[in-house]
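Trainee: The structure under discussion is supplied below as structure tokens; questions concerning it will follow.
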Amino acid sequence: MSNDTPYASLTPDLVLDAVAACELWPDGRLLALNSYENRVWQVGLEETAPVIAKFYRPGRWSDAAIVEEHSFAQELADAELPVVAPLVFGGHTLLLHDGFRYALTPRRGGRAPELEAVDQLQWLGRLIARMHGVGARTPFVHRGRLDRDTMVRQPMQAVLDSTLLPASLQTNYRAAATRLDAAIGARLEAIGPVPQLRLHGDCHPGNVLWTDAGPHFVDFDDARTGPAVQDLWMLANDERAMDAVLEGYRQFRHFDDGELALIPALRAMRQLHYAGWIAARWHDPAFPAAFPFVAESRWWEQHLADLHELADELE
């Protein structure tokens, strides 16, 4: 299995065989779901509801880190929080078939949240506060942290090592990313230590599904240790929205307003990480197909301008 094309041998037949190995009976219906980092399929089953089969990208997480993700999701589910936890087969949630690590979860449908609706923002705030109450009980041991090394320096190096970045922009990119890293570091130092806890880690609207019963969270693939505000800021487009989220959050858990000053740094880290993530994964055929614009010089020119704008905001 090549690191450049890690899913080349992940055929529909292999997906069906992996599900059948759990003594479930696929009916042949497969639907590929939107996922780039991993490969995710909805698999139809005979005489019962479909399951979601998630095949983990080789080499990204250790087995222990994946099991820790699963355990966190199950801990949240045991606390009666609306999250989708992996199914257990033979005492295990992390499964192996033909060299691929995978997990099965129940299918849970839903629609995107309405982030302009105050009542939905408050509901999300209450739910995240309850998640954080569980997340603060014990620390992660094997999963990563939301830090400059993971979110800035490694992605920056991935860009510099990539053929995607035009040679004419290498010096300018290094200068812009280094400037932004320094500005992020200065902001973090000025704020000082902030309590860290287990997070969902990637609370953007695409990872929240809404039904008539309310919201539920999916995809804990980026679960990691970090500050509480990381799970809030991507759901709030402006100050009014953040006020609504925090109004709900504070019904269940204390929130230190000092963490709000982290948001520009977290936004900058995410922007840097995005470019590095694409650069590091470019040999996976799914990435050029999904992000063709990143191969164009003008995208990198705009990215450089964005990095300087973020540094201006932080400085």
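Order determines the names: the first chain of the structure tokens is A, the second B, and so forth; residues in each chain are numbered 1 upward, and ligands are numbered 1 upward as they are shown.
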Fewer than 5 positions away in the same chain doesn't count, so skip those; otherwise give me all residues within 10 Å of region 99-107 of chain A, counting only C-alpha atoms, as a PDB file with N, CA and C atoms, in the first residue's frame.
Mentor:
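Wrote around-v6.pdb, looks like this:
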ATOM      1  N   MET A   1       0.847  -1.194   0.000  1.00  0.00           N
ATOM      2  CA  MET A   1       0.000   0.000   0.000  1.00  0.00           C
ATOM      3  C   MET A   1       0.886   1.249   0.000  1.00  0.00           C
ATOM      4  N   PRO A   6      -2.888   5.801  -0.839  1.00  0.00           N
ATOM      5  CA  PRO A   6      -3.162   4.852   0.245  1.00  0.00           C
ATOM      6  C   PRO A   6      -4.445   4.048   0.066  1.00  0.00           C
ATOM      7  N   TYR A   7      -5.332   4.532  -0.807  1.00  0.00           N
ATOM      8  CA  TYR A   7      -6.621   3.839  -0.950  1.00  0.00           C
ATOM      9  C   TYR A   7      -6.765   3.135  -2.292  1.00  0.00           C
ATOM     10  N   SER A   9      -6.192   0.221  -3.262  1.00  0.00           N
ATOM     11  CA  SER A   9      -6.747  -1.137  -3.211  1.00  0.00           C
ATOM     12  C   SER A   9      -8.067  -1.213  -2.447  1.00  0.00           C
ATOM     13  N   LEU A  10      -8.606  -0.045  -2.033  1.00  0.00           N
ATOM     14  CA  LEU A  10      -9.879  -0.053  -1.301  1.00  0.00           C
ATOM     15  C   LEU A  10     -11.026  -0.059  -2.311  1.00  0.00           C
ATOM     16  N   LEU A  14     -14.020  -4.840  -1.365  1.00  0.00           N
ATOM     17  CA  LEU A  14     -13.327  -4.908  -0.087  1.00  0.00           C
ATOM     18  C   LEU A  14     -14.175  -4.273   1.010  1.00  0.00           C
ATOM     19  N   VAL A  15     -14.835  -3.162   0.689  1.00  0.00           N
ATOM     20  CA  VAL A  15     -15.713  -2.512   1.669  1.00  0.00           C
ATOM     21  C   VAL A  15     -16.828  -3.466   2.090  1.00  0.00           C
ATOM     22  N   ALA A  18     -15.473  -6.244   4.267  1.00  0.00           N
ATOM     23  CA  ALA A  18     -15.131  -5.796   5.613  1.00  0.00           C
ATOM     24  C   ALA A  18     -16.381  -5.720   6.486  1.00  0.00           C
ATOM     25  N   VAL A  19     -17.482  -5.272   5.907  1.00  0.00           N
ATOM     26  CA  VAL A  19     -18.739  -5.218   6.667  1.00  0.00           C
ATOM     27  C   VAL A  19     -19.259  -6.624   6.929  1.00  0.00           C
ATOM     28  N   CYS A  22     -18.022  -8.592   9.883  1.00  0.00           N
ATOM     29  CA  CYS A  22     -18.627  -8.297  11.191  1.00  0.00           C
ATOM     30  C   CYS A  22     -19.952  -9.042  11.384  1.00  0.00           C
ATOM     31  N   ASN A  38     -10.180  10.472   5.264  1.00  0.00           N
ATOM     32  CA  ASN A  38     -10.462   9.037   5.333  1.00  0.00           C
ATOM     33  C   ASN A  38     -11.364   8.684   4.153  1.00  0.00           C
ATOM     34  N   ARG A  39     -11.804   7.446   4.089  1.00  0.00           N
ATOM     35  CA  ARG A  39     -12.801   7.059   3.087  1.00  0.00           C
ATOM     36  C   ARG A  39     -14.007   6.524   3.858  1.00  0.00           C
ATOM     37  N   VAL A  40     -15.176   7.045   3.518  1.00  0.00           N
ATOM     38  CA  VAL A  40     -16.388   6.748   4.280  1.00  0.00           C
ATOM     39  C   VAL A  40     -17.481   6.322   3.311  1.00  0.00           C
ATOM     40  N   TRP A  41     -18.150   5.232   3.650  1.00  0.00           N
ATOM     41  CA  TRP A  41     -19.198   4.675   2.801  1.00  0.00           C
ATOM     42  C   TRP A  41     -20.444   4.420   3.636  1.00  0.00           C
ATOM     43  N   GLN A  42     -21.590   4.664   3.043  1.00  0.00           N
ATOM     44  CA  GLN A  42     -22.842   4.151   3.595  1.00  0.00           C
ATOM     45  C   GLN A  42     -23.099   2.797   2.946  1.00  0.00           C
ATOM     46  N   VAL A  43     -23.294   1.783   3.785  1.00  0.00           N
ATOM     47  CA  VAL A  43     -23.432   0.412   3.289  1.00  0.00           C
ATOM     48  C   VAL A  43     -24.836  -0.090   3.633  1.00  0.00           C
ATOM     49  N   ALA A  49     -31.251  -1.289   9.043  1.00  0.00           N
ATOM     50  CA  ALA A  49     -30.784   0.025   8.590  1.00  0.00           C
ATOM     51  C   ALA A  49     -29.329  -0.033   8.126  1.00  0.00           C
ATOM     52  N   PRO A  50     -28.956   0.820   7.196  1.00  0.00           N
ATOM     53  CA  PRO A  50     -27.556   0.859   6.751  1.00  0.00           C
ATOM     54  C   PRO A  50     -26.609   1.236   7.881  1.00  0.00           C
ATOM     55  N   VAL A  51     -25.326   0.959   7.672  1.00  0.00           N
ATOM     56  CA  VAL A  51     -24.271   1.410   8.581  1.00  0.00           C
ATOM     57  C   VAL A  51     -23.319   2.309   7.804  1.00  0.00           C
ATOM     58  N   ILE A  52     -22.527   3.067   8.550  1.00  0.00           N
ATOM     59  CA  ILE A  52     -21.473   3.882   7.961  1.00  0.00           C
ATOM     60  C   ILE A  52     -20.139   3.192   8.231  1.00  0.00           C
ATOM     61  N   ALA A  53     -19.388   2.942   7.178  1.00  0.00           N
ATOM     62  CA  ALA A  53     -18.073   2.296   7.289  1.00  0.00           C
ATOM     63  C   ALA A  53     -17.006   3.347   7.019  1.00  0.00           C
ATOM     64  N   LYS A  54     -16.161   3.579   8.004  1.00  0.00           N
ATOM     65  CA  LYS A  54     -15.095   4.579   7.903  1.00  0.00           C
ATOM     66  C   LYS A  54     -13.751   3.858   7.878  1.00  0.00           C
ATOM     67  N   PHE A  55     -12.994   4.049   6.799  1.00  0.00           N
ATOM     68  CA  PHE A  55     -11.681   3.436   6.637  1.00  0.00           C
ATOM     69  C   PHE A  55     -10.624   4.512   6.895  1.00  0.00           C
ATOM     70  N   TYR A  56      -9.814   4.284   7.913  1.00  0.00           N
ATOM     71  CA  TYR A  56      -8.864   5.294   8.373  1.00  0.00           C
ATOM     72  C   TYR A  56      -7.658   5.407   7.440  1.00  0.00           C
ATOM     73  N   ARG A  57      -7.220   6.644   7.245  1.00  0.00           N
ATOM     74  CA  ARG A  57      -6.040   6.888   6.421  1.00  0.00           C
ATOM     75  C   ARG A  57      -4.826   6.216   7.062  1.00  0.00           C
ATOM     76  N   PRO A  58      -4.131   5.352   6.323  1.00  0.00           N
ATOM     77  CA  PRO A  58      -2.953   4.682   6.886  1.00  0.00           C
ATOM     78  C   PRO A  58      -1.916   5.698   7.359  1.00  0.00           C
ATOM     79  N   ASP A  63      -3.043   3.183  16.411  1.00  0.00           N
ATOM     80  CA  ASP A  63      -4.206   2.417  16.859  1.00  0.00           C
ATOM     81  C   ASP A  63      -4.705   2.949  18.204  1.00  0.00           C
ATOM     82  N   ILE A  66      -6.746   6.102  17.826  1.00  0.00           N
ATOM     83  CA  ILE A  66      -8.085   5.864  17.270  1.00  0.00           C
ATOM     84  C   ILE A  66      -8.999   5.268  18.333  1.00  0.00           C
ATOM     85  N   HIS A  70     -12.579   6.646  19.875  1.00  0.00           N
ATOM     86  CA  HIS A  70     -13.794   5.842  20.021  1.00  0.00           C
ATOM     87  C   HIS A  70     -14.275   5.855  21.474  1.00  0.00           C
ATOM     88  N   VAL A  84     -22.549  10.155  17.704  1.00  0.00           N
ATOM     89  CA  VAL A  84     -22.579   8.859  17.032  1.00  0.00           C
ATOM     90  C   VAL A  84     -21.294   8.114  17.387  1.00  0.00           C
ATOM     91  N   ALA A  85     -21.416   7.076  18.206  1.00  0.00           N
ATOM     92  CA  ALA A  85     -20.262   6.293  18.659  1.00  0.00           C
ATOM     93  C   ALA A  85     -20.139   5.023  17.814  1.00  0.00           C
ATOM     94  N   PRO A  86     -18.922   4.501  17.648  1.00  0.00           N
ATOM     95  CA  PRO A  86     -18.724   3.282  16.848  1.00  0.00           C
ATOM     96  C   PRO A  86     -19.400   2.061  17.468  1.00  0.00           C
ATOM     97  N   LEU A  87     -19.765   1.139  16.606  1.00  0.00           N
ATOM     98  CA  LEU A  87     -20.336  -0.132  17.038  1.00  0.00           C
ATOM     99  C   LEU A  87     -19.225  -1.071  17.502  1.00  0.00           C
ATOM    100  N   VAL A  88     -19.576  -1.983  18.386  1.00  0.00           N
ATOM    101  CA  VAL A  88     -18.609  -2.915  18.972  1.00  0.00           C
ATOM    102  C   VAL A  88     -18.813  -4.305  18.363  1.00  0.00           C
ATOM    103  N   PHE A  89     -17.700  -4.913  17.926  1.00  0.00           N
ATOM    104  CA  PHE A  89     -17.738  -6.277  17.379  1.00  0.00           C
ATOM    105  C   PHE A  89     -16.633  -7.085  18.048  1.00  0.00           C
ATOM    106  N   HIS A  92     -14.371  -5.060  20.232  1.00  0.00           N
ATOM    107  CA  HIS A  92     -13.509  -4.042  19.620  1.00  0.00           C
ATOM    108  C   HIS A  92     -14.334  -3.080  18.758  1.00  0.00           C
ATOM    109  N   THR A  93     -13.882  -1.829  18.742  1.00  0.00           N
ATOM    110  CA  THR A  93     -14.474  -0.839  17.825  1.00  0.00           C
ATOM    111  C   THR A  93     -13.555  -0.564  16.637  1.00  0.00           C
ATOM    112  N   LEU A  94     -12.241  -0.723  16.832  1.00  0.00           N
ATOM    113  CA  LEU A  94     -11.296  -0.569  15.737  1.00  0.00           C
ATOM    114  C   LEU A  94     -11.075  -1.934  15.102  1.00  0.00           C
TER     115      LEU A  94
END
Trainee: Please list as number ranges by chain every residue within 9 Å of region 183-187 of chain A, counting only C-alpha atoms and excluding residues in the same chain fewer than 6 positions away.
Mentor: A: 148, 261-262, 264-266, 268-269, 310-312, 314-315
Trainee: Identify which of the residues A:Arg143, A:Arg111, A:Arg198, A:Arg153 lies closest to Arg60 (chain A), counting only C-alpha atoms when measuring atom-to-atom distances.
Mentor: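 Counting only C-alpha atoms, the residue closest to Arg60 (chain A) is A:Arg143.
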Trainee: Hey, what's within 10 Å of Arg281 (chain A) if we count only C-alpha atoms and toss same-chain stuff fewer than 3 positions away? As a PyMOL selection string, please?
Mentor: chain A and resi 3-5+36-37+158+162+276-278+284-288
Trainee: When DSSP is applied to the backbone of this structure, which of region 52-260 of chain A are assigned strand (DSSP E or B)? Write them out as a PyMOL selection string.
Mentor: chain A and resi 52-55+83+89+92+95-97+100-106+111+145+197-199+208-211+214-217+224-226
Trainee: If you count only C-alpha atoms, which residues fall within 12 Å of His142 (chain A), apart from same-chain ones fewer than 5 positions away, as a list in words?
Mentor: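 That gives Trp61, Ser62, Asp63, Ala64, Ala65, Ile66, Val67, Glu68, Glu69, Ser71, Phe72, Arg198, Ala223, Arg224 and Thr225 of chain A.
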Trainee: So which bits of region 14-236 of chain A end up helix (DSSP H, G or I) when you DSSP the backbone, as a PyMOL selection string?
Mentor: chain A and resi 14-20+63-78+118-135+148-161+167-191+205-207+228-231+233-235
Trainee: Taking 5 positions as the minimum chain separation for residues in the same chain, which residues sit within 7 Å of Gly110 (chain A) when counting only C-alpha atoms? Answer as a ChimeraX atom specification.
Mentor: /A:209-211
Trainee: Nearest to Trp233 (chain A) among A:Glu296, A:Glu116, A:Glu259, A:Asp306, with distances taken over only C-alpha atoms: which residue is it?
Mentor: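 Nearest candidate to Trp233 (chain A) out of A:Glu296, A:Glu116, A:Glu259, A:Asp306: A:Glu259.
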Trainee: Have a look at CA of Phe220 (chain A) and CA of Asp161 (chain A) and let me know their distance in Å, one decimal.
Mentor: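 CA of Asp161 (chain A) lies at a distance of 28.8 Å from CA of Phe220 (chain A).
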Trainee: Have a look at CA of Leu235 (chain A) and CA of Pro195 (chain A) and let me know their distance in Å, one decimal.
Mentor: 20.7 Å
Trainee: What lies within 10 Å of Asp243 (chain A) using only C-alpha atoms, ignoring chain neighbours under 3 positions off, as an MDAnalysis selection string?
Mentor: chainID A and resid 118 121:122 125 236 238:240 246:249
Trainee: Mind writing the picked residues with N, CA and C atoms as a compact mmCIF listing (two decimals), in the first residue's frame?
Mentor:
# COMPACT_ATOMS: atom_id res chain seq x y z
N VAL A 118 -31.08 32.13 16.62
CA VAL A 118 -30.55 32.26 17.97
C VAL A 118 -30.84 31.03 18.80
N LEU A 121 -28.37 28.27 17.98
CA LEU A 121 -27.04 28.59 18.51
C LEU A 121 -26.98 28.35 20.02
N GLN A 122 -28.02 28.74 20.71
CA GLN A 122 -28.07 28.50 22.16
C GLN A 122 -28.08 27.00 22.46
N GLY A 125 -24.69 25.68 22.04
CA GLY A 125 -23.87 26.06 23.19
C GLY A 125 -24.10 25.16 24.38
N ALA A 236 -19.91 30.33 15.18
CA ALA A 236 -20.37 31.70 15.40
C ALA A 236 -19.74 32.62 14.36
N ASP A 238 -20.36 35.83 13.88
CA ASP A 238 -20.19 37.22 14.30
C ASP A 238 -20.40 37.30 15.81
N GLU A 239 -20.29 38.51 16.35
CA GLU A 239 -20.38 38.70 17.79
C GLU A 239 -21.76 38.31 18.32
N ARG A 240 -22.79 38.63 17.56
CA ARG A 240 -24.16 38.28 17.98
C ARG A 240 -24.31 36.77 18.10
N LEU A 246 -22.65 31.38 23.64
CA LEU A 246 -22.17 31.45 25.03
C LEU A 246 -23.32 31.52 26.03
N GLU A 247 -24.43 32.12 25.63
CA GLU A 247 -25.59 32.14 26.53
C GLU A 247 -26.05 30.72 26.83
N GLY A 248 -26.08 29.87 25.79
CA GLY A 248 -26.42 28.47 26.01
C GLY A 248 -25.34 27.73 26.78
N TYR A 249 -24.08 27.98 26.43
CA TYR A 249 -22.95 27.29 27.07
C TYR A 249 -22.95 27.52 28.57
Trainee: Could you please determine the separation between CA of Leu45 (chain A) and CA of Gly109 (chain A) in Å, to one decimal place?
Mentor: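 Between these atoms lies a distance of 16.2 Å.
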Trainee: Pro227 (chain A): which residues within 8 Å, counting only C-alpha atoms, same-chain residues fewer than 3 positions away excluded, as a ChimeraX atom specification?
Mentor: /A:194-197,199,230,259
Trainee: Please save all heavy atoms of the selected residues as a PDB file, in the first residue's frame.
Mentor:
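Final output, saved to out.pdb:
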ATOM      1  N   VAL A 194      -4.181  28.626  29.446  1.00  0.00           N
ATOM      2  CA  VAL A 194      -5.636  28.473  29.365  1.00  0.00           C
ATOM      3  C   VAL A 194      -5.943  27.004  29.661  1.00  0.00           C
ATOM      4  O   VAL A 194      -5.228  26.115  29.184  1.00  0.00           O
ATOM      5  CB  VAL A 194      -6.147  28.854  27.958  1.00  0.00           C
ATOM      6  CG1 VAL A 194      -7.615  28.509  27.791  1.00  0.00           C
ATOM      7  CG2 VAL A 194      -5.914  30.340  27.695  1.00  0.00           C
ATOM      8  N   PRO A 195      -6.985  26.725  30.450  1.00  0.00           N
ATOM      9  CA  PRO A 195      -7.323  25.316  30.724  1.00  0.00           C
ATOM     10  C   PRO A 195      -7.500  24.515  29.435  1.00  0.00           C
ATOM     11  O   PRO A 195      -8.100  24.999  28.469  1.00  0.00           O
ATOM     12  CB  PRO A 195      -8.634  25.415  31.508  1.00  0.00           C
ATOM     13  CG  PRO A 195      -8.595  26.770  32.141  1.00  0.00           C
ATOM     14  CD  PRO A 195      -7.888  27.653  31.156  1.00  0.00           C
ATOM     15  N   GLN A 196      -6.986  23.293  29.428  1.00  0.00           N
ATOM     16  CA  GLN A 196      -7.052  22.400  28.271  1.00  0.00           C
ATOM     17  C   GLN A 196      -7.951  21.210  28.606  1.00  0.00           C
ATOM     18  O   GLN A 196      -7.950  20.734  29.740  1.00  0.00           O
ATOM     19  CB  GLN A 196      -5.650  21.904  27.908  1.00  0.00           C
ATOM     20  CG  GLN A 196      -4.624  23.016  27.699  1.00  0.00           C
ATOM     21  CD  GLN A 196      -4.778  23.707  26.370  1.00  0.00           C
ATOM     22  OE1 GLN A 196      -4.655  23.098  25.311  1.00  0.00           O
ATOM     23  NE2 GLN A 196      -5.049  25.010  26.414  1.00  0.00           N
ATOM     24  N   LEU A 197      -8.676  20.733  27.623  1.00  0.00           N
ATOM     25  CA  LEU A 197      -9.560  19.595  27.838  1.00  0.00           C
ATOM     26  C   LEU A 197      -9.724  18.816  26.543  1.00  0.00           C
ATOM     27  O   LEU A 197      -9.279  19.256  25.478  1.00  0.00           O
ATOM     28  CB  LEU A 197     -10.920  20.053  28.359  1.00  0.00           C
ATOM     29  CG  LEU A 197     -11.778  20.918  27.415  1.00  0.00           C
ATOM     30  CD1 LEU A 197     -13.248  20.672  27.673  1.00  0.00           C
ATOM     31  CD2 LEU A 197     -11.467  22.403  27.626  1.00  0.00           C
ATOM     32  N   LEU A 199     -11.520  17.757  23.365  1.00  0.00           N
ATOM     33  CA  LEU A 199     -12.437  18.490  22.498  1.00  0.00           C
ATOM     34  C   LEU A 199     -12.942  17.610  21.353  1.00  0.00           C
ATOM     35  O   LEU A 199     -12.292  16.641  20.974  1.00  0.00           O
ATOM     36  CB  LEU A 199     -11.719  19.691  21.868  1.00  0.00           C
ATOM     37  CG  LEU A 199     -11.075  20.722  22.770  1.00  0.00           C
ATOM     38  CD1 LEU A 199     -10.246  21.682  21.924  1.00  0.00           C
ATOM     39  CD2 LEU A 199     -12.134  21.482  23.563  1.00  0.00           C
ATOM     40  N   GLN A 230     -12.137  26.535  21.127  1.00  0.00           N
ATOM     41  CA  GLN A 230     -11.934  25.893  19.830  1.00  0.00           C
ATOM     42  C   GLN A 230     -13.210  25.235  19.319  1.00  0.00           C
ATOM     43  O   GLN A 230     -13.453  25.197  18.116  1.00  0.00           O
ATOM     44  CB  GLN A 230     -10.797  24.867  19.921  1.00  0.00           C
ATOM     45  CG  GLN A 230     -10.661  23.936  18.729  1.00  0.00           C
ATOM     46  CD  GLN A 230     -10.281  24.639  17.438  1.00  0.00           C
ATOM     47  OE1 GLN A 230      -9.865  25.793  17.446  1.00  0.00           O
ATOM     48  NE2 GLN A 230     -10.432  23.949  16.318  1.00  0.00           N
ATOM     49  N   GLU A 259     -10.767  33.659  26.895  1.00  0.00           N
ATOM     50  CA  GLU A 259     -10.469  32.744  25.789  1.00  0.00           C
ATOM     51  C   GLU A 259     -10.875  33.309  24.433  1.00  0.00           C
ATOM     52  O   GLU A 259     -10.380  32.870  23.396  1.00  0.00           O
ATOM     53  CB  GLU A 259     -11.154  31.392  26.009  1.00  0.00           C
ATOM     54  CG  GLU A 259     -10.519  30.540  27.096  1.00  0.00           C
ATOM     55  CD  GLU A 259     -10.959  29.086  27.037  1.00  0.00           C
ATOM     56  OE1 GLU A 259     -11.276  28.604  25.925  1.00  0.00           O
ATOM     57  OE2 GLU A 259     -10.997  28.429  28.085  1.00  0.00           O
TER      58      GLU A 259
END
